[in-house]
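Participant: File my_file-v1.cif below, mmCIF, C-alpha atoms:
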data_entry
#
loop_
_atom_site.label_atom_id
_atom_site.label_comp_id
_atom_site.auth_asym_id
_atom_site.auth_seq_id
_atom_site.Cartn_x
_atom_site.Cartn_y
_atom_site.Cartn_z
CA MET Q 1304 185.61 119.77 86.39
CA ARG Q 1305 185.13 120.13 90.13
CA LYS Q 1306 181.45 120.65 89.50
CA MET Q 1307 181.30 117.35 87.59
CA LYS Q 1308 182.99 115.60 90.53
CA LEU Q 1309 180.51 117.11 92.94
CA ILE Q 1310 177.55 115.97 90.89
CA GLN Q 1311 179.13 112.53 90.58
CA LEU Q 1312 179.60 112.40 94.34
CA ALA Q 1313 176.01 113.45 94.88
CA LEU Q 1314 174.80 110.77 92.49
CA ILE Q 1315 176.78 108.11 94.30
CA LEU Q 1316 175.45 109.32 97.63
CA PHE Q 1317 171.93 109.35 96.26
CA SER Q 1318 172.02 105.87 94.72
CA GLY Q 1319 173.61 104.47 97.86
CA LEU Q 1320 170.77 105.81 99.92
CA PHE Q 1321 168.23 104.45 97.47
CA THR Q 1322 169.66 100.95 97.83
CA ALA Q 1323 169.72 101.24 101.58
CA VAL Q 1324 166.06 102.19 101.65
CA ASN Q 1325 165.09 99.27 99.45
CA ALA Q 1326 167.09 96.83 101.52
CA GLN Q 1327 165.38 98.12 104.61
CA ALA Q 1328 161.96 97.71 103.02
CA GLN Q 1329 162.67 94.09 102.17
CA GLY Q 1330 164.10 93.28 105.56
CA ARG Q 1331 161.20 94.71 107.52
CA PRO Q 1332 160.61 92.58 110.54
CA GLY Q 1333 157.22 90.86 110.47
CA PRO Q 1334 155.55 89.06 113.31
CA PRO Q 1335 157.26 85.81 114.24
CA ARG Q 1336 156.27 82.81 112.17
CA GLY Q 1337 155.15 79.47 113.48
CA GLY Q 1338 153.80 80.86 116.73
CA GLY Q 1339 156.94 82.56 117.97
CA GLY Q 1340 160.12 81.23 119.49
CA GLY Q 1341 163.22 83.24 120.24
CA GLY Q 1342 161.89 84.83 123.38
CA HIS Q 1343 158.31 85.14 122.20
CA ASN Q 1344 155.72 83.42 124.27
CA PRO Q 1345 152.48 82.98 122.41
CA GLU Q 1346 149.59 82.36 124.67
CA GLN Q 1347 146.17 81.01 123.85
CA THR Q 1348 143.85 80.91 126.76
CA GLU Q 1349 140.10 81.09 127.01
CA THR Q 1350 139.93 81.09 123.26
CA LEU Q 1351 137.16 79.84 121.08
CA GLN Q 1352 139.65 77.28 119.83
CA ASP Q 1353 139.34 75.40 123.08
CA MET Q 1354 135.94 74.45 121.81
CA LYS Q 1355 135.86 70.96 120.38
CA GLY Q 1356 134.84 70.69 116.78
CA TYR Q 1357 135.18 68.53 113.73
CA LYS Q 1358 138.43 67.96 111.95
CA ILE Q 1359 138.84 66.80 108.38
CA GLY Q 1360 137.88 63.10 108.15
CA ASP Q 1361 135.57 63.13 111.18
CA THR Q 1362 132.05 61.85 110.65
CA ALA Q 1363 129.53 64.62 111.23
CA THR Q 1364 126.34 64.17 113.14
CA ASP Q 1365 122.96 64.40 111.48
CA PHE Q 1366 120.46 66.61 113.26
CA ARG Q 1367 116.83 67.52 113.44
CA LEU Q 1368 116.39 71.26 113.34
CA LYS Q 1369 113.45 73.54 112.67
CA ASN Q 1370 113.42 74.99 109.16
CA VAL Q 1371 111.95 78.40 108.34
CA ASP Q 1372 108.94 76.64 106.76
CA GLY Q 1373 108.04 75.21 110.17
CA SER Q 1374 109.07 71.63 109.40
CA LEU Q 1375 111.86 69.69 111.06
CA PHE Q 1376 114.80 68.94 108.79
CA SER Q 1377 117.53 66.30 108.82
CA LEU Q 1378 120.35 65.69 106.37
CA SER Q 1379 118.82 62.25 105.77
CA ASP Q 1380 115.75 64.00 104.30
CA ILE Q 1381 117.72 64.84 101.16
CA LYS Q 1382 117.26 61.91 98.83
CA ASN Q 1383 120.14 60.79 96.63
CA ALA Q 1384 122.52 63.26 98.22
CA LYS Q 1385 126.15 62.96 97.16
CA GLY Q 1386 127.29 65.43 99.77
CA TYR Q 1387 126.18 68.32 101.93
CA ILE Q 1388 127.24 71.97 102.01
CA VAL Q 1389 126.53 72.73 105.67
CA VAL Q 1390 127.02 76.43 106.34
CA PHE Q 1391 126.67 78.23 109.65
CA THR Q 1392 125.35 81.69 108.90
CA CYS Q 1393 122.95 84.23 110.34
CA ASN Q 1394 120.74 87.21 109.56
CA GLU Q 1395 122.71 90.23 110.66
CA CYS Q 1396 126.42 89.58 110.18
CA PRO Q 1397 127.68 91.72 107.27
CA PHE Q 1398 129.82 88.83 106.02
CA ALA Q 1399 126.87 86.45 106.12
CA LYS Q 1400 124.89 89.01 104.12
CA MET Q 1401 127.64 89.47 101.55
CA TYR Q 1402 127.58 85.72 100.94
CA GLU Q 1403 123.79 85.22 100.76
CA ASP Q 1404 123.62 85.56 96.98
CA ARG Q 1405 126.68 83.38 96.51
CA LEU Q 1406 125.19 80.66 98.73
CA MET Q 1407 122.03 80.80 96.64
CA ALA Q 1408 124.06 80.47 93.44
CA LEU Q 1409 126.01 77.59 94.97
CA HIS Q 1410 122.79 75.77 95.79
CA GLU Q 1411 121.24 76.44 92.36
CA LYS Q 1412 124.34 75.07 90.71
CA TYR Q 1413 125.07 72.06 92.91
CA ALA Q 1414 121.75 70.86 94.41
CA PRO Q 1415 120.80 69.26 91.06
CA GLN Q 1416 124.17 67.47 91.20
CA GLY Q 1417 123.49 66.10 94.66
CA TYR Q 1418 125.13 68.78 96.82
CA SER Q 1419 122.61 70.98 98.63
CA VAL Q 1420 123.28 73.99 100.81
CA ILE Q 1421 122.03 73.53 104.36
CA ALA Q 1422 122.13 76.86 106.19
CA ILE Q 1423 122.09 76.80 109.97
CA ASN Q 1424 121.74 79.86 112.18
CA PRO Q 1425 123.67 79.27 115.42
CA ASN Q 1426 122.82 82.76 116.67
CA VAL Q 1427 119.05 82.27 116.67
CA SER Q 1428 117.67 83.88 119.77
CA GLU Q 1429 114.21 84.98 120.75
CA SER Q 1430 115.70 87.80 122.82
CA ASN Q 1431 117.38 89.29 119.73
CA ASP Q 1432 114.68 90.37 117.33
CA ARG Q 1433 117.14 90.49 114.42
CA GLU Q 1434 118.16 86.85 114.92
CA SER Q 1435 114.84 85.43 116.08
CA TYR Q 1436 113.13 82.56 114.29
CA ALA Q 1437 110.58 85.05 112.94
CA ALA Q 1438 113.41 87.25 111.58
CA MET Q 1439 115.02 84.21 109.93
CA LYS Q 1440 111.71 83.37 108.31
CA LYS Q 1441 111.35 86.93 107.05
CA ARG Q 1442 114.89 86.99 105.63
CA ALA Q 1443 114.40 83.64 103.89
CA GLU Q 1444 111.19 84.94 102.30
CA GLU Q 1445 112.72 88.29 101.26
CA LYS Q 1446 115.72 86.63 99.63
CA LYS Q 1447 113.71 83.60 98.43
CA PHE Q 1448 116.33 81.20 99.82
CA PRO Q 1449 116.21 78.05 97.69
CA PHE Q 1450 117.83 76.11 100.56
CA VAL Q 1451 116.70 75.23 104.07
CA TYR Q 1452 117.53 77.76 106.78
CA LEU Q 1453 117.57 76.03 110.14
CA ALA Q 1454 117.41 77.36 113.70
CA ASP Q 1455 120.08 75.81 115.92
CA GLU Q 1456 118.21 76.50 119.11
CA GLY Q 1457 120.40 75.89 122.15
CA GLN Q 1458 123.51 75.88 119.89
CA LYS Q 1459 123.77 72.08 120.09
CA ILE Q 1460 124.84 71.58 116.50
CA VAL Q 1461 127.25 74.50 116.17
CA SER Q 1462 129.18 73.32 119.21
CA GLN Q 1463 129.42 69.78 117.79
CA TYR Q 1464 130.64 71.04 114.44
CA GLY Q 1465 132.89 73.70 115.94
CA ALA Q 1466 131.91 76.62 113.72
CA LEU Q 1467 133.59 79.75 115.01
CA ARG Q 1468 132.24 82.46 112.76
CA THR Q 1469 129.56 83.18 110.22
CA PRO Q 1470 129.62 82.16 107.47
CA HIS Q 1471 131.59 78.95 108.14
CA VAL Q 1472 131.28 76.02 105.71
CA PHE Q 1473 131.55 72.30 106.50
CA LEU Q 1474 131.45 70.26 103.31
CA LEU Q 1475 130.42 66.66 104.00
CA ASP Q 1476 130.59 63.74 101.60
CA GLN Q 1477 127.84 61.16 101.07
CA SER Q 1478 128.75 59.28 104.25
CA LEU Q 1479 128.84 62.53 106.28
CA ARG Q 1480 132.62 62.61 106.50
CA VAL Q 1481 133.96 66.16 106.81
CA GLN Q 1482 135.94 66.92 103.64
CA TYR Q 1483 136.40 70.69 103.74
CA ILE Q 1484 136.13 73.32 106.46
CA GLY Q 1485 136.41 77.01 105.86
CA THR Q 1486 135.37 79.92 103.76
CA ILE Q 1487 133.37 80.01 100.54
CA ASP Q 1488 135.91 81.84 98.37
CA ASP Q 1489 138.85 84.21 98.61
CA ASN Q 1490 137.01 87.54 98.46
CA SER Q 1491 134.27 88.23 100.95
CA ARG Q 1492 133.73 91.79 99.76
CA SER Q 1493 133.27 91.28 96.08
CA ALA Q 1494 131.99 88.22 94.24
CA GLU Q 1495 133.34 89.72 91.00
CA SER Q 1496 136.89 89.83 92.37
CA VAL Q 1497 136.96 86.21 93.50
CA MET Q 1498 140.03 84.34 92.28
CA VAL Q 1499 139.61 81.02 94.10
CA LYS Q 1500 136.24 79.37 94.81
CA TYR Q 1501 137.24 77.10 97.68
CA VAL Q 1502 133.90 75.34 98.19
CA GLU Q 1503 133.25 74.80 94.48
CA ASN Q 1504 136.77 73.42 94.03
CA ALA Q 1505 136.24 71.11 97.00
CA ILE Q 1506 132.97 69.81 95.51
CA GLU Q 1507 134.60 69.29 92.13
CA ALA Q 1508 137.33 67.27 93.86
CA LEU Q 1509 134.73 65.11 95.64
CA LYS Q 1510 132.96 64.53 92.34
CA LYS Q 1511 136.21 63.15 90.96
CA GLY Q 1512 136.71 61.01 94.03
CA GLU Q 1513 139.64 63.13 95.16
CA ALA Q 1514 140.42 64.81 98.47
CA PRO Q 1515 139.84 68.58 98.32
CA SER Q 1516 142.93 70.75 98.40
CA PRO Q 1517 143.01 72.97 100.33
CA ASN Q 1518 140.66 71.25 102.75
CA PHE Q 1519 140.88 74.01 105.36
CA THR Q 1520 140.79 77.79 104.99
CA LYS Q 1521 140.36 80.72 107.34
CA ALA Q 1522 138.32 83.88 107.04
CA ILE Q 1523 137.28 86.91 108.96
CA GLY Q 1524 133.67 86.54 109.97
CA CYS Q 1525 131.36 87.44 112.78
CA PRO Q 1526 132.09 85.43 115.88
CA VAL Q 1527 129.42 82.87 116.72
CA LYS Q 1528 127.81 84.19 119.86
CA LEU Q 1529 128.23 81.23 122.15
CA SER Q 1530 126.01 81.56 125.16
CA MET J 1065 178.79 128.45 94.98
CA ARG J 1066 179.76 124.83 94.30
CA PRO J 1067 179.19 123.62 97.84
CA GLY J 1068 175.81 125.29 97.30
CA VAL J 1069 174.98 122.78 94.57
CA LEU J 1070 175.82 119.94 96.94
CA SER J 1071 173.71 121.37 99.70
CA ILE J 1072 170.78 121.71 97.31
CA ILE J 1073 171.17 118.05 96.39
CA ILE J 1074 171.36 117.06 100.03
CA PHE J 1075 168.28 119.16 100.66
CA ILE J 1076 166.44 117.32 97.88
CA LEU J 1077 167.49 113.85 99.09
CA PRO J 1078 164.77 113.39 101.70
CA PHE J 1079 162.14 113.99 99.02
CA CYS J 1080 163.71 111.32 96.81
CA PHE J 1081 163.69 109.08 99.86
CA GLY J 1082 159.94 109.59 100.09
CA LEU J 1083 159.49 108.73 96.41
CA SER J 1084 161.31 105.44 96.81
CA SER J 1085 158.79 104.05 99.33
CA PRO J 1086 156.30 101.38 98.18
CA PRO J 1087 153.26 102.69 96.28
CA TYR J 1088 150.79 101.56 98.95
CA THR J 1089 152.30 103.80 101.63
CA PRO J 1090 149.56 104.57 104.12
CA THR J 1091 149.04 108.07 105.33
CA PRO J 1092 150.79 108.76 108.62
CA ALA J 1093 149.06 107.56 111.75
CA THR J 1094 146.37 109.87 113.04
CA PRO J 1095 147.34 112.22 115.82
CA TYR J 1096 146.21 110.98 119.19
CA GLY J 1097 142.67 111.93 119.97
CA SER J 1098 141.65 112.78 116.45
CA HIS J 1099 140.11 110.65 113.75
CA ALA J 1100 140.36 113.24 111.02
CA ASP J 1101 142.17 110.71 108.92
CA ILE J 1102 141.84 106.95 109.29
CA PRO J 1103 144.54 105.26 107.19
CA ILE J 1104 143.58 102.27 105.05
CA TYR J 1105 146.06 99.41 104.85
CA ASN J 1106 146.31 96.16 102.98
CA PHE J 1107 147.98 93.37 104.93
CA ASP J 1108 151.44 93.94 103.47
CA SER J 1109 151.42 97.57 104.54
CA LEU J 1110 149.92 96.77 107.95
CA GLU J 1111 152.37 93.97 108.77
CA PRO J 1112 155.27 96.24 109.88
CA LEU J 1113 152.99 97.69 112.56
CA LEU J 1114 152.63 94.24 114.14
CA SER J 1115 156.19 94.27 115.42
CA THR J 1116 158.51 96.81 116.99
CA ASP J 1117 162.12 97.52 117.86
CA SER J 1118 160.97 99.40 120.91
CA GLU J 1119 160.84 98.20 124.49
CA SER J 1120 157.52 99.91 125.14
CA ILE J 1121 154.24 98.01 125.38
CA HIS J 1122 152.34 97.67 122.11
CA ILE J 1123 148.75 96.50 121.75
CA VAL J 1124 147.13 95.83 118.39
CA ASN J 1125 143.45 94.95 118.52
CA PHE J 1126 141.51 93.61 115.52
CA TRP J 1127 137.88 94.59 115.74
CA ALA J 1128 134.88 95.83 113.80
CA MET J 1129 131.73 97.80 114.47
CA TRP J 1130 129.64 94.75 113.54
CA CYS J 1131 131.35 92.63 116.23
CA ALA J 1132 129.46 93.03 119.50
CA PRO J 1133 132.13 91.60 121.85
CA CYS J 1134 134.71 93.83 120.13
CA VAL J 1135 132.65 96.95 120.66
CA LYS J 1136 132.15 95.97 124.28
CA GLU J 1137 135.89 95.76 124.98
CA LEU J 1138 136.92 99.02 123.26
CA PRO J 1139 136.41 101.08 126.44
CA LEU J 1140 138.82 98.73 128.27
CA LEU J 1141 141.56 99.52 125.78
CA GLU J 1142 140.72 103.20 126.08
CA GLN J 1143 140.99 102.95 129.89
CA TYR J 1144 144.29 101.10 129.61
CA LYS J 1145 145.79 103.81 127.42
CA ALA J 1146 144.56 106.49 129.83
CA LYS J 1147 146.20 104.68 132.74
CA TYR J 1148 149.42 103.80 130.84
CA PRO J 1149 150.00 106.66 128.37
CA ASP J 1150 153.38 105.22 127.28
CA ALA J 1151 151.70 102.14 125.81
CA SER J 1152 151.08 102.19 122.10
CA VAL J 1153 147.57 101.04 121.24
CA LEU J 1154 146.33 100.55 117.68
CA LEU J 1155 142.79 99.54 116.79
CA VAL J 1156 142.73 97.72 113.46
CA SER J 1157 139.20 97.99 112.14
CA LEU J 1158 137.93 95.33 109.75
CA ASP J 1159 135.03 97.52 108.75
CA PHE J 1160 134.54 98.58 105.16
CA PRO J 1161 136.33 101.59 103.63
CA GLU J 1162 133.10 103.09 102.30
CA ASP J 1163 131.80 103.26 105.88
CA ILE J 1164 134.68 105.35 107.29
CA GLU J 1165 133.02 108.74 106.93
CA THR J 1166 129.40 107.75 107.33
CA LYS J 1167 129.66 105.15 110.09
CA LEU J 1168 133.12 104.60 111.58
CA LYS J 1169 134.00 108.19 112.49
CA PRO J 1170 130.56 108.94 114.00
CA PHE J 1171 130.77 105.62 115.88
CA LEU J 1172 134.19 106.46 117.39
CA LYS J 1173 133.00 109.91 118.36
CA LYS J 1174 129.84 108.59 119.97
CA LYS J 1175 131.77 105.93 121.92
CA GLY J 1176 134.44 108.44 122.98
CA ILE J 1177 137.24 106.38 121.44
CA THR J 1178 140.41 108.46 121.05
CA LEU J 1179 142.81 105.59 120.35
CA LYS J 1180 144.58 105.36 117.02
CA VAL J 1181 142.45 103.61 114.42
CA ALA J 1182 143.52 102.09 111.11
CA LEU J 1183 141.42 100.16 108.66
CA LEU J 1184 142.54 96.85 107.16
CA ASP J 1185 141.00 96.34 103.73
CA ASP J 1186 142.29 93.01 102.46
CA PRO J 1187 139.47 90.61 101.60
CA ASP J 1188 141.56 87.46 101.02
CA ALA J 1189 141.84 86.83 104.76
CA ASN J 1190 142.94 83.22 104.33
CA ARG J 1191 146.17 84.62 102.89
CA TRP J 1192 147.06 86.76 105.90
CA ILE J 1193 145.41 85.32 109.05
CA ASP J 1194 148.22 82.77 109.48
CA ARG J 1195 150.79 85.52 108.96
CA VAL J 1196 149.42 87.25 112.04
CA ASP J 1197 149.22 84.05 114.08
CA PRO J 1198 148.86 80.47 112.82
CA ASN J 1199 146.63 79.69 115.79
CA TRP J 1200 144.14 82.45 114.94
CA SER J 1201 140.87 81.13 113.48
CA GLY J 1202 139.91 84.54 112.08
CA ALA J 1203 137.31 85.28 114.73
CA ILE J 1204 137.49 88.70 116.36
CA PRO J 1205 138.20 90.36 118.68
CA PHE J 1206 141.84 89.35 118.37
CA THR J 1207 144.60 91.12 120.27
CA ILE J 1208 148.38 91.06 119.99
CA ILE J 1209 150.43 92.31 122.94
CA PHE J 1210 154.12 92.81 122.24
CA ASP J 1211 157.37 94.67 122.58
CA ASN J 1212 160.69 93.98 120.86
CA LYS J 1213 161.20 90.71 122.77
CA ASN J 1214 157.85 89.38 123.95
CA ARG J 1215 154.59 88.65 122.23
CA SER J 1216 151.24 87.08 123.07
CA PHE J 1217 148.05 86.49 121.06
CA HIS J 1218 144.51 86.52 122.39
CA GLU J 1219 141.50 85.32 120.46
CA ARG J 1220 138.96 86.48 122.98
CA PRO J 1221 137.55 89.67 124.44
CA PHE J 1222 139.01 90.91 127.71
CA ASN J 1223 136.57 90.81 130.59
CA ASP J 1224 137.66 93.93 132.44
CA LEU J 1225 140.68 96.18 133.05
CA PRO J 1226 142.32 93.85 135.63
CA ASP J 1227 142.01 90.98 133.13
CA LEU J 1228 143.75 93.07 130.47
CA GLU J 1229 146.43 94.27 132.90
CA GLN J 1230 147.09 90.74 134.12
CA THR J 1231 147.38 89.46 130.56
CA ILE J 1232 149.82 92.22 129.71
CA ASN J 1233 151.85 91.56 132.86
CA ASN J 1234 152.03 87.87 131.98
CA THR J 1235 153.30 88.74 128.51
CA PHE J 1236 156.14 90.84 129.92
CA LYS J 1237 156.89 88.89 133.11
CA ASN J 1238 160.39 88.05 131.85
CA ARG J 1239 161.56 91.54 131.13
#
Would you put the structure from the file into structure tokens?
Facilitator:
Amino acid sequence: MRKMKLIQLALILFSGLFTAVNAQAQGRPGPPRGGGGGGHNPEQTETLQDMKGYKIGDTATDFRLKNVDGSLFSLSDIKNAKGYIVVFTCNECPFAKMYEDRLMALHEKYAPQGYSVIAINPNVSESNDRESYAAMKKRAEEKKFPFVYLADEGQKIVSQYGALRTPHVFLLDQSLRVQYIGTIDDNSRSAESVMVKYVENAIEALKKGEAPSPNFTKAIGCPVKLS
Amino acid sequence: MRPGVLSIIIFILPFCFGLSSPPYTPTPATPYGSHADIPIYNFDSLEPLLSTDSESIHIVNFWAMWCAPCVKELPLLEQYKAKYPDASVLLVSLDFPEDIETKLKPFLKKKGITLKVALLDDPDANRWIDRVDPNWSGAIPFTIIFDNKNRSFHERPFNDLPDLEQTINNTFKNR
């Protein structure tokens, strides 16, 4: 009888502890939301965000940049365009590389529908032999890029657009209004594991005359090397 | 005899405690100075490490081997820890899990980095970047400096040790 009571007591003790642990797990303090408050003092100085860039609804600038085939390219060169998938990318960034095939697939699928991929390398530099114009040309040939791959020499265009990382997509509509800014999909590491195709969804929305939702996403990427 | 049963149960309790933790429990943090084991987190399991109940200085730095400005500032964080051993410094690597043995560990050894390193493997970054800081674009390096009361975010590399020290002092000027 006493033994029963002891076991009962132990069980009560045990289950009580179990509950306490679970409660603690749920109540774990995370970082403050909404940028702090309550004694926190978030600080953003000297950040890349100080750089001006496009916001949704802004009208993007056309440009004239050197393509890997040696010609100069402008958005206005694409006849009957319904929109433009402008993507800042580069040769060496692992994230840019992971998305190369997906960018090619995006172009193959949507260029015939009026939405071409326009890849721009903001990191092009003759002093870096992996990001030089010659290296871009080589990469485009190796991968057989079906889209233009442009050298943003002097980083004039990337600073106007405000791309912070590679790859960074700016989806423009027919009249060059910025309709979506962000990442290509929700899984950089594995195309097979993608659940949400942000850019494709945004294009489908434009095709229906709707505003993309979401129209802004974030991603880890290589920082654009602003000189 | 009977109190013996109770003591056995009490002895067993801590093990049950362990079993009740979430399934994605990371391995314990690596001992200082050794990278024998680099724990892999998803964001949910990393998130508790981004805050503290302690009054000591905490620094969490998001970086990756492929990020040149990140690699450049690692020695600064190493110097800071050497100068202020009470500070807790965690390097959250955004490199890929399959590169831990072949690239990350040799890299840390070569660079002489003895700070604690953890790897964040959570590809849907849009889901968690705002949970770290809504003002963060996702570009790295990104550093959080905090204790139990103060917190600051920095989406930029630090220029030198005085820059880092000044930034830390500014974060804790009210304490």
Participant: Report the closest atom pair, with its distance in Å rounded to one decimal, for each residue of chain J that has an atom no farther than 7 Å from chain Q; count all atoms listed in the file, sort by chain and then rising residue number, and write it as CSV.
Facilitator:
residue,atom,partner,partner_atom,distance
J:Arg1066,CA,Q:Lys1306,CA,6.6
J:Leu1070,CA,Q:Leu1309,CA,6.8
J:Ile1073,CA,Q:Ala1313,CA,6.8
J:Leu1077,CA,Q:Phe1317,CA,6.9
J:Phe1081,CA,Q:Phe1321,CA,6.9
J:Glu1111,CA,Q:Gly1333,CA,6.0
J:Pro1112,CA,Q:Gly1333,CA,5.8
J:Leu1114,CA,Q:Pro1334,CA,6.0
J:Ser1115,CA,Q:Pro1334,CA,5.7
J:Trp1130,CA,Q:Cys1396,CA,7.0
J:Cys1131,CA,Q:Cys1525,CA,6.2
J:Pro1187,CA,Q:Asn1490,CA,5.0
J:Asp1188,CA,Q:Asp1489,CA,4.9
J:Ala1189,CA,Q:Ala1522,CA,5.1
J:Asn1190,CA,Q:Lys1521,CA,4.7
J:Arg1195,CA,Q:Arg1336,CA,6.9
J:Val1196,CA,Q:Pro1334,CA,6.5
J:Asp1197,CA,Q:Gly1338,CA,6.2
J:Pro1198,CA,Q:Gly1338,CA,6.3
J:Ser1201,CA,Q:Lys1521,CA,6.2
J:Gly1202,CA,Q:Ile1523,CA,4.7
J:Ala1203,CA,Q:Pro1526,CA,5.3
J:Ile1204,CA,Q:Pro1526,CA,6.3
J:Lys1213,CA,Q:Gly1342,CA,6.0
J:Asn1214,CA,Q:His1343,CA,4.6
J:Arg1215,CA,Q:His1343,CA,5.1
J:Ser1216,CA,Q:Pro1345,CA,4.3
J:Phe1217,CA,Q:Glu1346,CA,5.7
J:His1218,CA,Q:Gln1347,CA,5.9
J:Glu1219,CA,Q:Thr1350,CA,5.3
J:Arg1220,CA,Q:Thr1350,CA,5.5
Participant: So, with all atoms listed in the file as the atoms that count, which of J:Ser1120, J:Asn1223, J:Phe1160, J:Asn1125 lies closest to Tyr1148 of chain J?
Facilitator: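 When distances to Tyr1148 of chain J are compared using all atoms listed in the file, the smallest one comes from J:Ser1120.
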Participant: In the coordinates of the file, take the point (141.0, 70.0, 102.8) and a cut-off of 12 Å; then, counting only C-alpha atoms, name each qualifying protein, DNA or RNA residue as a ChimeraX atom specification.
Facilitator: /Q:1358-1360,1472-1475,1480-1486,1501-1502,1504-1506,1508-1509,1513-1521
Participant: Would you export the selected residues with C-alpha atoms as an mmCIF file, keeping the file's coordinate frame, please?
Facilitator:
data_model
loop_
_atom_site.group_PDB
_atom_site.id
_atom_site.type_symbol
_atom_site.label_atom_id
_atom_site.label_comp_id
_atom_site.auth_asym_id
_atom_site.auth_seq_id
_atom_site.Cartn_x
_atom_site.Cartn_y
_atom_site.Cartn_z
ATOM 1 C CA LYS Q 1358 138.430 67.960 111.950
ATOM 2 C CA ILE Q 1359 138.840 66.800 108.380
ATOM 3 C CA GLY Q 1360 137.880 63.100 108.150
ATOM 4 C CA VAL Q 1472 131.280 76.020 105.710
ATOM 5 C CA PHE Q 1473 131.550 72.300 106.500
ATOM 6 C CA LEU Q 1474 131.450 70.260 103.310
ATOM 7 C CA LEU Q 1475 130.420 66.660 104.000
ATOM 8 C CA ARG Q 1480 132.620 62.610 106.500
ATOM 9 C CA VAL Q 1481 133.960 66.160 106.810
ATOM 10 C CA GLN Q 1482 135.940 66.920 103.640
ATOM 11 C CA TYR Q 1483 136.400 70.690 103.740
ATOM 12 C CA ILE Q 1484 136.130 73.320 106.460
ATOM 13 C CA GLY Q 1485 136.410 77.010 105.860
ATOM 14 C CA THR Q 1486 135.370 79.920 103.760
ATOM 15 C CA TYR Q 1501 137.240 77.100 97.680
ATOM 16 C CA VAL Q 1502 133.900 75.340 98.190
ATOM 17 C CA ASN Q 1504 136.770 73.420 94.030
ATOM 18 C CA ALA Q 1505 136.240 71.110 97.000
ATOM 19 C CA ILE Q 1506 132.970 69.810 95.510
ATOM 20 C CA ALA Q 1508 137.330 67.270 93.860
ATOM 21 C CA LEU Q 1509 134.730 65.110 95.640
ATOM 22 C CA GLU Q 1513 139.640 63.130 95.160
ATOM 23 C CA ALA Q 1514 140.420 64.810 98.470
ATOM 24 C CA PRO Q 1515 139.840 68.580 98.320
ATOM 25 C CA SER Q 1516 142.930 70.750 98.400
ATOM 26 C CA PRO Q 1517 143.010 72.970 100.330
ATOM 27 C CA ASN Q 1518 140.660 71.250 102.750
ATOM 28 C CA PHE Q 1519 140.880 74.010 105.360
ATOM 29 C CA THR Q 1520 140.790 77.790 104.990
ATOM 30 C CA LYS Q 1521 140.360 80.720 107.340
#
Participant: Calculate how many Å separate atom CA of Glu1434 of chain Q from atom CA of Val1389 of chain Q, rounding to one decimal.
Facilitator: 18.8 Å
Participant: Quote the spacing between atom CA of Leu1453 of chain Q and atom CA of Lys1385 of chain Q in Å to one decimal place.
Facilitator: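 Atom CA of Leu1453 of chain Q sits 20.3 Å away from atom CA of Lys1385 of chain Q.
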Participant: What gap, in Å, lies between atom CA of Thr1362 of chain Q and atom CA of Ser1478 of chain Q?
Facilitator: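 Spanning atom CA of Thr1362 of chain Q to atom CA of Ser1478 of chain Q is a straight-line distance of 7.6 Å.
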Participant: I'd like the neighbourhood of Ile1164 of chain J as a ChimeraX atom specification, where a residue qualifies if any of its atoms comes within 12 Å (using all atoms listed in the file), though same-chain residues fewer than 3 positions away should be ignored.
Facilitator: /J:1099-1104,1128-1129,1157-1161,1167-1172,1181-1185
Participant: Kindly provide, as AutoDock Vina command-line options, the centre and edge lengths (Å, one decimal) of an axis-aligned box around all atoms of segment 1180-1193 of chain J given in the file, with 6 Å on each side.
Facilitator:
--center_x 143.3 --center_y 94.3 --center_z 109.0 --size_x 19.6 --size_y 34.1 --size_z 28.0
Participant: Check what the PyMOL selection byres ((chain Q and resi 1380) around 12) selects in the file above and give those residues as a list in words.
Facilitator: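 Written out, the selection comes to Asp1365, Phe1366, Arg1367, Leu1368, Ser1374, Leu1375, Phe1376, Ser1377, Leu1378, Ser1379, Ile1381, Lys1382, Asn1383, Ala1384, Tyr1387, Ser1419, Ile1421 and Val1451 of chain Q.
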Participant: Taking into account only C-alpha atoms, which residue in the set Q:Glu1495, Q:Lys1459, Q:Lys1510, Q:Leu1529 is nearest to Gln1416 of chain Q?
Facilitator: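 Of Q:Glu1495, Q:Lys1459, Q:Lys1510, Q:Leu1529, the one nearest Gln1416 of chain Q is Q:Lys1510, counting only C-alpha atoms.
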Participant: Let me know the residues the PyMOL selection byres ((chain J and resi 1138) around 10) catches in the file above, as a JSON list (two decimals) with C-alpha atoms, in the frame of the given file.
Facilitator:
[["chain", "number", "residue", "atom", "x", "y", "z"],
["J", 1125, "ASN", "CA", 143.45, 94.95, 118.52],
["J", 1127, "TRP", "CA", 137.88, 94.59, 115.74],
["J", 1133, "PRO", "CA", 132.13, 91.60, 121.85],
["J", 1134, "CYS", "CA", 134.71, 93.83, 120.13],
["J", 1135, "VAL", "CA", 132.65, 96.95, 120.66],
["J", 1136, "LYS", "CA", 132.15, 95.97, 124.28],
["J", 1137, "GLU", "CA", 135.89, 95.76, 124.98],
["J", 1139, "PRO", "CA", 136.41, 101.08, 126.44],
["J", 1140, "LEU", "CA", 138.82, 98.73, 128.27],
["J", 1141, "LEU", "CA", 141.56, 99.52, 125.78],
["J", 1142, "GLU", "CA", 140.72, 103.20, 126.08],
["J", 1143, "GLN", "CA", 140.99, 102.95, 129.89],
["J", 1144, "TYR", "CA", 144.29, 101.10, 129.61],
["J", 1155, "LEU", "CA", 142.79, 99.54, 116.79],
["J", 1172, "LEU", "CA", 134.19, 106.46, 117.39],
["J", 1175, "LYS", "CA", 131.77, 105.93, 121.92],
["J", 1176, "GLY", "CA", 134.44, 108.44, 122.98],
["J", 1177, "ILE", "CA", 137.24, 106.38, 121.44],
["J", 1179, "LEU", "CA", 142.81, 105.59, 120.35],
["J", 1205, "PRO", "CA", 138.20, 90.36, 118.68],
["J", 1221, "PRO", "CA", 137.55, 89.67, 124.44],
["J", 1222, "PHE", "CA", 139.01, 90.91, 127.71]]
